[in-house]
Amino acid sequence: MVTSEDSEESEDSEGSEGGERSGDSSALLRLRDLLDLLDRGAPAEQFTPPSPAGATERGGLSDADAAVLADATRIALRIRRTLSQHRRREAELAALFDTAGDLARLREPDAVLGAIVHRAKLLLGTDVTYLSLNDEEAGDTYMRVTDGSVSAAFQQVRLGMGEGLGGLVAETARPYSTGDYRDDQRFRHTTKIDTAVTEEGLRAILGVPLRLGTRVIGVLYAADRTARAFTPDEVALLSSLADHAAIAIDGARLLDETRTALVDLNEASRTIEAHSEAMRRAEDAHDRLTDLVLRGGDVTDVATAIGTVLQGGTLVHDAEGAELARVGTGAGPPSVEAVAASRADGRAVSVRGTWVCAVLAGHELLGSIALTGRADLDDADRRLFERASLVTALLLLLRRSVAETEDRVRGELLGDLLTRAADPAGLSARALRLGVNLGRPHAVFVLHAGAVPRPRLLAAAARLAQARKGLAGLHHEDVVLVCPAEAPDAVRGPGTGTGTGTGTGTGPAAASLAGELGQVLAGPVTVGAAGPVTGPAEFADAYAEARRCRTALRTLGREGTGAALSDLGFLGVLLGDQTDLGGYVHQTLGPVLAYDAKRGTDLIRTLRAYFDTGTSQSRAAEALHVHVNTVVQRLERIGSLLGRDWQRPERALELQLALRIHRVSAPDAPDAPHGKAGGKPDGDRDGGPAGAPGPGDFAA
């Protein structure tokens, strides 16, 4: 039987057991709530431990259960912090990977740098991020790119190594941070840096090095405009980003250098290709010009080829400035200064749109070539033009060699002609082989130029001889030129026959030759002439006569002129080897004699009377038995025939000598010497002196 006491004990026991079950259930529910909070990532304030108050406030938890639950809450908070750190680290790593991927996709260095500072700003959430690069040459670090900056001075600042926070990071390769830069005395402050930082309004600054191995290439910064401390996690995050950034920067740099190298390589390839093409073109042109020379082409052919290749006009001159060829241009010869400049430099030079290149054989100047119409000549064509000058030099050397050989042969022939060598037929045959026909009349000229070197005078004479199909050379130290007479009949003069006449033709030819050579050589050239002569036997006498004429011209002070002995008046008659008295009279009195013959007058008699009476008009009138006015009129007519200077002493002497020779050689003169028939002496008509002149007359 159950008593009431037993019943109460039983109820107490059941109540006690029910309470324990209720407390255990509450503890389990609280533990489940903690796990749910951890799962939901609830904030820390929701993780509240049990109150230390009574069991009622603790939800029926015993003290032991409450203590266990408090420990579980603290553990849950630690787990939460750990999970938060892992999540943050996971987010940071994901951001770093994204950053690395973004940087890997970028190719331009500026784009890479901009992406780095922008990612840093997003990851750290700071107001400003920026990046500086080291300048190894200047020995400092300079601001390269910014994100969030508003100050122009800050964006252009340069930091010396060890200056400010960035300079210290760049120098030591270690990260540095400050909560408030203005008051942080760990750093070396400078006015320039502090001014820039203040203008930007920065307080907290974190800087980490951009490293490639042991080399620092720059600094990556994160900064806020409020003072605060940077956590180690932020330092580590920015450092990790800096490591990726350094690799990306270096990769972009290498890629840019590779691109630049490829561009340079392509440019070099194009340059090499263009150079090869230019070389091929130059070689082809050189081979073409050389082949032209070897096939016997002349200077004009070479000039034409040069103009065709370079598409311009061409001028070729020798060392003396004489024009050798002109093709497709009307320009004048190049200046002496331009040729000298090209000779000194060894390259073609441009003068007022015309390219000039000296033609050289070693240090010897052979001539020059000029190219017109190509002011824009590039380097390749310039080298081609210079190559053309080498071919021109080859041609001129060949020409000179041939000319020297031909001149030697011509000189030997000329020497044999002027020394009366035997075998005239052999001389004529040798001359024909050289293109000289000794059967035609030839004039002989002896040249002298005191102010011009003899080789230059000889070279100029040789050019004339070649152009006129004659001969030129040195004979007894004289430069001698033999050329075909242009007008044989006029050259001989009346009554000269076929010998070495002293007619008037060679005189004008000598004067013209003196003027031509003087202009070419820029100095006076004296020319004595004789001839014309026909046949080898007559050249020696003609040479001797021309030499005497040349000597007489120099003695008379007529340097730089040309003449034959017949042009020297009675002096020429006296110096002549075979005196032509009739020719002298005709040359001196010819116009008066012709007038008398045509009109039946006797002006010669009046002229003789005028001189016989001492040039007195009145006494001449008495001797002629005419009025003095008649004498005056006749003398005026004589002056119009002989020229104004007929009464000059030198001319009057020539006229008196010609009158005396005419008197003794007139057909009907009774006292003509050696049985010659004489004309009517003037003295028989007018009472003047008649008869043959005495020795004193010729001596006068």
# chains A, B, ... in the order shown; residues from 1 in each chain; ligands from 1

$ select_by_dssp --residues "segment 206-424 of chain A" --states "alpha helix (DSSP H)" --output "VMD selection string"
chain A and resid 232 to 294 299 to 310 336 to 345 379 to 418 424

$ closest_residue --among "A:Glu404, A:Arg420, A:Leu220, A:Glu273" --to "Ser240 of chain A" --atoms "only C-alpha atoms"
A:Leu220

$ residues_around --residues "Asp135 of chain A" --least-positions-apart "5" --cutoff "9 Å" --atoms "only C-alpha atoms" --output "MDAnalysis selection string"
chainID A and resid 140:142 217:218

$ atom_distance --atom1 "atom CA of Asp423 of chain A" --atom2 "atom CA of Phe539 of chain A"
13.8 Å

$ residues_around --residues "Thr198 of chain A" --least-positions-apart "2" --cutoff "10 Å" --atoms "only C-alpha atoms" --output "list in words"
Ser151, Phe154, Tyr181, Arg182, Ile193, Asp194, Thr195, Ala196, Glu200, Gly201, Leu202, Arg203 and Arg225 of chain A

$ select_by_dssp --residues "segment 66-221 of chain A" --states "strand (DSSP E or B)" --output "VMD selection string"
chain A and resid 128 to 135 140 to 147 158 to 160 163 176 to 178 188 204 to 212 215 to 221

$ closest_residue --among "A:Gly207, A:Pro175, A:Ala540, A:Leu35" --to "Ala72 of chain A" --atoms "only C-alpha atoms"
A:Leu35

$ atom_distance --atom1 "atom CA of Arg463 of chain A" --atom2 "atom CA of Leu565 of chain A"
25.7 Å

$ residues_around --residues "segment 379-395 of chain A" --least-positions-apart "5" --cutoff "6 Å" --atoms "only C-alpha atoms" --output "PDB file with N, CA and C atoms, in the first residue's frame"
ATOM      1  N   ALA A 278      68.696  49.069-103.492  1.00  0.00           N
ATOM      2  CA  ALA A 278      69.535  50.176-103.948  1.00  0.00           C
ATOM      3  C   ALA A 278      70.906  49.678-104.400  1.00  0.00           C
ATOM      4  N   ALA A 282      72.374  49.978-107.934  1.00  0.00           N
ATOM      5  CA  ALA A 282      73.663  50.627-108.129  1.00  0.00           C
ATOM      6  C   ALA A 282      74.633  49.719-108.874  1.00  0.00           C
ATOM      7  N   VAL A 359      85.319  64.199-110.140  1.00  0.00           N
ATOM      8  CA  VAL A 359      85.799  62.960-110.760  1.00  0.00           C
ATOM      9  C   VAL A 359      87.284  62.839-110.427  1.00  0.00           C
TER      10      VAL A 359
END

$ closest_residue --among "A:Leu77, A:Leu29, A:Val145, A:Leu458" --to "Pro43 of chain A" --atoms "only C-alpha atoms"
A:Leu77

$ atom_distance --atom1 "atom CA of Cys357 of chain A" --atom2 "atom CA of Leu377 of chain A"
13.0 Å

$ residues_around --residues "Leu365 of chain A" --least-positions-apart "3" --cutoff "9 Å" --atoms "only C-alpha atoms" --output "compact mmCIF listing (two decimals) with N, CA and C atoms, in the first residue's frame"
# COMPACT_ATOMS: atom_id res chain seq x y z
N ASP A 318 85.94 68.66 -117.82
CA ASP A 318 87.27 68.17 -117.47
C ASP A 318 87.85 69.02 -116.35
N ALA A 319 89.09 68.72 -115.99
CA ALA A 319 89.70 69.41 -114.85
C ALA A 319 89.89 70.90 -115.12
N ARG A 343 85.54 67.45 -103.86
CA ARG A 343 86.87 66.82 -103.85
C ARG A 343 87.38 66.66 -102.43
N ALA A 358 83.03 65.52 -107.80
CA ALA A 358 84.35 65.59 -108.42
C ALA A 358 84.72 64.21 -108.97
N VAL A 359 85.32 64.20 -110.14
CA VAL A 359 85.80 62.96 -110.76
C VAL A 359 87.28 62.84 -110.43
N LEU A 360 87.61 61.84 -109.62
CA LEU A 360 88.96 61.73 -109.08
C LEU A 360 89.59 60.40 -109.46
N ALA A 361 90.91 60.44 -109.63
CA ALA A 361 91.72 59.23 -109.73
C ALA A 361 92.77 59.34 -108.64
N GLY A 362 92.46 58.71 -107.49
CA GLY A 362 93.31 58.96 -106.32
C GLY A 362 93.07 60.37 -105.84
N SER A 368 84.60 66.81 -113.43
CA SER A 368 83.42 66.85 -112.56
C SER A 368 82.20 66.43 -113.36

$ residues_around --residues "segment 593-599 of chain A" --least-positions-apart "4" --cutoff "12 Å" --atoms "only C-alpha atoms" --output "count of residues only"
20

$ closest_residue --among "A:Gly583, A:Gly473, A:Gly450, A:Pro536" --to "Ala522 of chain A" --atoms "only C-alpha atoms"
A:Gly450

$ closest_residue --among "A:Gly367, A:Gly162, A:Gly639, A:Gly560" --to "Arg651 of chain A" --atoms "only C-alpha atoms"
A:Gly639
